[in-house]
Amino acid sequence: MKLRNRVAVITGAGSGIGRVSAVEFGREGARVVVADINVAGAEETVKQVEALGATARAIRTDVADPNSVQRLVTETLEAFGQVHVLFNNAAIQVNKTVEETTPEEWNREMGVNLGGIFLCSKFFLPHLRRTRGCIINMASVNGFFVEPMCAGYCATKGGIIALTKAMAIDHGKDGIRVNCICPGYIDAGLAWGYFKAQADPAAARAAAGKLHALGRIGKPEEVARVAVFLASDDASFMTGSAVVVDGGFGSGLPPQT
Ligand SMILES: NC(=O)c1ccc[n+]([C@@H]2O[C@H](COP(=O)([O-])OP(=O)(O)OC[C@H]3O[C@@H](n4cnc5c(N)ncnc54)[C@H](O)[C@@H]3O)[C@@H](O)[C@H]2O)c1
């Protein structure tokens, strides 16, 4: 087991990639805090982790709200006494151009996607310093290669890559590693929302697969296993990295026919 006795907080673990990551972290021996604004989703994730014989706790959290994040820290420490891994995975995606996006939508997207990483990192860092723990931020290939109709989302993901590198430099001296993951399209909530926003969702889904050299979109497990690796001692000399998990989306190869 790669994460035996580690305590891992995963934001946005009430569905999608976060939920599957919670299950994979539990399988590797971690005790998992499932932090999500969606309580029912978080409780379902806890059931799935517990079904493996592992330990998990759902904590309702809005990562964009400083008070909520401070409560998450307090409740995590009350439950488990320490924390070794913070996986900042929660995000939302506004499927609009800048012109169509309202200021409220823009501020919420920035507040959740980038602001959530700031707040969770800020308030967990003193505790991660004690365990020489690590932070994993969820970015996207959209931090490198942008797509239409999600301008704000792409901006947050580019920002997350830069924030990851800046945090790695600031906290390396404390033995805290900070890396991010940049997935291509993954069969989970935010990709489903993007397909739904297109004129022909089924065609959009089929076309997305062809953007990847492997000719398909990825599975949440294929990202979760990379998160397990980054959280584990196997990645002990990795920090400031943007780890691309994209089935060749950014390979420059022509789309598969
Ligand atoms: N699905 C993809 O194709 C894809 C590709 C690249 C990167 N990602 C990234 O992976 C992560 C997970 O995406 P997903 O597709 O699994 O999405 P998802 O919608 O299934 O999961 C996102 C979770 O975040 C939670 N959340 C939203 N706002 C929150 C808030 N304010 N506080 C706490 N929790 C909140 C939601 O309730 C949900 O459970 C995101 O960071 C996303 O940008 C996804």
# chains A, B, ... in the order shown; residues from 1 in each chain; ligands from 1
$ closest_atom_pairs --of "chain A" --to "ligand 1" --cutoff "6 Å" --atoms "only C-alpha atoms and all ligand atoms" --output "tab-separated table"
residue	atom	partner	partner_atom_place_in_ligand_line	distance
A:Thr11	CA	ligand 1	34 (N)	5.8
A:Gly12	CA	ligand 1	24 (O)	3.4
A:Ala13	CA	ligand 1	39 (O)	5.5
A:Gly14	CA	ligand 1	39 (O)	4.0
A:Ser15	CA	ligand 1	39 (O)	4.2
A:Gly16	CA	ligand 1	16 (O)	3.4
A:Ile17	CA	ligand 1	16 (O)	3.9
A:Gly18	CA	ligand 1	16 (O)	5.7
A:Asp36	CA	ligand 1	34 (N)	3.8
A:Ile37	CA	ligand 1	33 (C)	4.3
A:Asn38	CA	ligand 1	37 (O)	4.7
A:Thr61	CA	ligand 1	33 (C)	5.2
A:Asp62	CA	ligand 1	32 (N)	3.5
A:Val63	CA	ligand 1	32 (N)	4.1
A:Ala64	CA	ligand 1	31 (N)	5.3
A:Asn89	CA	ligand 1	41 (O)	4.5
A:Ala90	CA	ligand 1	24 (O)	3.9
A:Ala91	CA	ligand 1	41 (O)	4.3
A:Ile92	CA	ligand 1	27 (C)	5.4
A:Val112	CA	ligand 1	31 (N)	5.1
A:Met138	CA	ligand 1	41 (O)	4.9
A:Ala139	CA	ligand 1	7 (C)	5.8
A:Ser140	CA	ligand 1	6 (C)	4.2
A:Pro183	CA	ligand 1	6 (C)	4.4
A:Gly184	CA	ligand 1	5 (C)	5.2
A:Tyr185	CA	ligand 1	3 (O)	3.6
A:Ile186	CA	ligand 1	3 (O)	3.6
A:Asp187	CA	ligand 1	1 (N)	5.7
A:Ala188	CA	ligand 1	15 (O)	4.1
A:Gly189	CA	ligand 1	20 (O)	3.4
A:Leu190	CA	ligand 1	15 (O)	3.8
A:Ala191	CA	ligand 1	3 (O)	4.2
$ residues_around --residues "Phe87 (chain A)" --least-positions-apart "2" --cutoff "8 Å" --atoms "only C-alpha atoms" --output "ChimeraX atom specification"
/A:8-11,85,89,135-138
$ select_by_dssp --residues "region 134-200 of chain A" --states "helix (DSSP H, G or I)" --output "ChimeraX atom specification"
/A:141-143,151-174,189-196
$ write_last_selection --atoms "N, CA, C and O atoms" --output "compact mmCIF listing (two decimals), in the first residue's frame"
# COMPACT_ATOMS: atom_id res chain seq x y z
N VAL A 141 -5.17 20.16 -19.37
CA VAL A 141 -4.44 20.54 -20.59
C VAL A 141 -4.92 21.91 -21.07
O VAL A 141 -4.21 22.58 -21.82
N ASN A 142 -6.11 22.33 -20.60
CA ASN A 142 -6.59 23.66 -20.99
C ASN A 142 -5.73 24.78 -20.38
O ASN A 142 -5.91 25.95 -20.74
N GLY A 143 -4.79 24.44 -19.52
CA GLY A 143 -3.80 25.41 -19.07
C GLY A 143 -2.73 25.65 -20.11
O GLY A 143 -2.01 26.66 -20.08
N ALA A 151 -13.60 30.30 -21.72
CA ALA A 151 -12.45 31.21 -21.56
C ALA A 151 -12.02 31.34 -20.10
O ALA A 151 -10.82 31.25 -19.79
N GLY A 152 -12.97 31.56 -19.21
CA GLY A 152 -12.61 31.73 -17.80
C GLY A 152 -11.99 30.46 -17.23
O GLY A 152 -11.01 30.52 -16.48
N TYR A 153 -12.58 29.32 -17.59
CA TYR A 153 -12.06 28.03 -17.11
C TYR A 153 -10.59 27.87 -17.55
O TYR A 153 -9.73 27.52 -16.73
N CYS A 154 -10.31 28.13 -18.83
CA CYS A 154 -8.93 28.01 -19.33
C CYS A 154 -8.00 28.94 -18.55
O CYS A 154 -6.88 28.57 -18.19
N ALA A 155 -8.50 30.15 -18.26
CA ALA A 155 -7.67 31.11 -17.50
C ALA A 155 -7.35 30.56 -16.11
O ALA A 155 -6.21 30.68 -15.64
N THR A 156 -8.33 29.93 -15.47
CA THR A 156 -8.04 29.38 -14.13
C THR A 156 -7.03 28.25 -14.23
O THR A 156 -6.15 28.12 -13.37
N LYS A 157 -7.13 27.42 -15.25
CA LYS A 157 -6.24 26.26 -15.33
C LYS A 157 -4.81 26.69 -15.65
O LYS A 157 -3.85 26.11 -15.14
N GLY A 158 -4.65 27.72 -16.51
CA GLY A 158 -3.31 28.28 -16.73
C GLY A 158 -2.76 28.85 -15.44
O GLY A 158 -1.58 28.67 -15.10
N GLY A 159 -3.62 29.53 -14.68
CA GLY A 159 -3.20 30.12 -13.41
C GLY A 159 -2.78 29.06 -12.40
O GLY A 159 -1.83 29.25 -11.64
N ILE A 160 -3.49 27.93 -12.42
CA ILE A 160 -3.18 26.86 -11.46
C ILE A 160 -1.78 26.28 -11.72
O ILE A 160 -1.04 25.96 -10.79
N ILE A 161 -1.40 26.19 -13.00
CA ILE A 161 -0.06 25.67 -13.31
C ILE A 161 1.00 26.63 -12.75
O ILE A 161 1.96 26.21 -12.10
N ALA A 162 0.81 27.93 -12.96
CA ALA A 162 1.77 28.91 -12.45
C ALA A 162 1.77 28.93 -10.91
O ALA A 162 2.83 28.99 -10.28
N LEU A 163 0.57 28.86 -10.33
CA LEU A 163 0.46 28.86 -8.85
C LEU A 163 1.18 27.64 -8.27
O LEU A 163 1.87 27.74 -7.24
N THR A 164 1.03 26.50 -8.92
CA THR A 164 1.69 25.27 -8.46
C THR A 164 3.20 25.46 -8.40
O THR A 164 3.86 25.11 -7.40
N LYS A 165 3.76 26.03 -9.46
CA LYS A 165 5.22 26.21 -9.51
C LYS A 165 5.67 27.22 -8.45
O LYS A 165 6.70 27.03 -7.79
N ALA A 166 4.88 28.29 -8.27
CA ALA A 166 5.24 29.31 -7.27
C ALA A 166 5.19 28.70 -5.86
O ALA A 166 6.08 28.95 -5.04
N MET A 167 4.16 27.91 -5.58
CA MET A 167 4.05 27.29 -4.25
C MET A 167 5.17 26.28 -4.03
O MET A 167 5.69 26.14 -2.91
N ALA A 168 5.56 25.57 -5.08
CA ALA A 168 6.64 24.59 -4.95
C ALA A 168 7.93 25.29 -4.53
O ALA A 168 8.67 24.81 -3.66
N ILE A 169 8.19 26.45 -5.12
CA ILE A 169 9.41 27.20 -4.78
C ILE A 169 9.33 27.73 -3.35
O ILE A 169 10.29 27.64 -2.57
N ASP A 170 8.18 28.26 -2.97
CA ASP A 170 8.05 28.84 -1.63
C ASP A 170 8.14 27.80 -0.51
O ASP A 170 8.63 28.11 0.58
N HIS A 171 7.65 26.59 -0.75
CA HIS A 171 7.49 25.64 0.36
C HIS A 171 8.41 24.42 0.27
O HIS A 171 8.37 23.57 1.15
N GLY A 172 9.25 24.39 -0.76
CA GLY A 172 10.21 23.27 -0.88
C GLY A 172 11.13 23.18 0.32
O GLY A 172 11.48 22.09 0.76
N LYS A 173 11.50 24.33 0.87
CA LYS A 173 12.44 24.33 2.01
C LYS A 173 11.84 23.63 3.23
O LYS A 173 12.56 23.19 4.13
N ASP A 174 10.51 23.53 3.27
CA ASP A 174 9.84 22.83 4.38
C ASP A 174 9.59 21.36 4.04
O ASP A 174 8.90 20.66 4.79
N GLY A 189 -17.85 14.71 -14.75
CA GLY A 189 -18.81 15.82 -14.73
C GLY A 189 -18.52 17.03 -15.60
O GLY A 189 -19.39 17.49 -16.34
N LEU A 190 -17.30 17.56 -15.51
CA LEU A 190 -17.06 18.81 -16.24
C LEU A 190 -17.02 18.59 -17.75
O LEU A 190 -17.48 19.44 -18.52
N ALA A 191 -16.50 17.46 -18.19
CA ALA A 191 -16.53 17.15 -19.63
C ALA A 191 -17.98 16.95 -20.08
O ALA A 191 -18.38 17.43 -21.15
N TRP A 192 -18.78 16.27 -19.25
CA TRP A 192 -20.20 16.05 -19.61
C TRP A 192 -20.90 17.40 -19.78
O TRP A 192 -21.67 17.59 -20.71
N GLY A 193 -20.62 18.34 -18.87
CA GLY A 193 -21.23 19.66 -18.96
C GLY A 193 -20.81 20.39 -20.23
O GLY A 193 -21.62 21.07 -20.86
N TYR A 194 -19.54 20.22 -20.61
CA TYR A 194 -19.03 20.88 -21.82
C TYR A 194 -19.71 20.29 -23.06
O TYR A 194 -20.14 21.03 -23.95
N PHE A 195 -19.86 18.95 -23.09
CA PHE A 195 -20.53 18.33 -24.26
C PHE A 195 -21.97 18.83 -24.35
O PHE A 195 -22.45 19.15 -25.43
N LYS A 196 -22.64 18.88 -23.18
CA LYS A 196 -24.04 19.29 -23.14
C LYS A 196 -24.24 20.72 -23.66
O LYS A 196 -25.29 21.05 -24.21
$ atom_distance --atom1 "CA of Val73 (chain A)" --atom2 "CA of Ala242 (chain A)"
25.9 Å
$ closest_residue --among "A:Ile181, A:Asp200, A:His212, A:Glu221" --to "Val245 (chain A)" --atoms "only C-alpha atoms"
A:Ile181
$ residues_around --residues "region 98-103 of chain A" --least-positions-apart "4" --cutoff "10 Å" --atoms "only C-alpha atoms" --output "list in words"
Val94, Asn107, Arg108, Glu109, Met149, Cys150, Ala151 and Gly152 of chain A
$ residues_around --residues "Lys122 (chain A)" --least-positions-apart "3" --cutoff "10 Å" --atoms "only C-alpha atoms" --output "ChimeraX atom specification"
/A:66,69-70,116-119,125-126
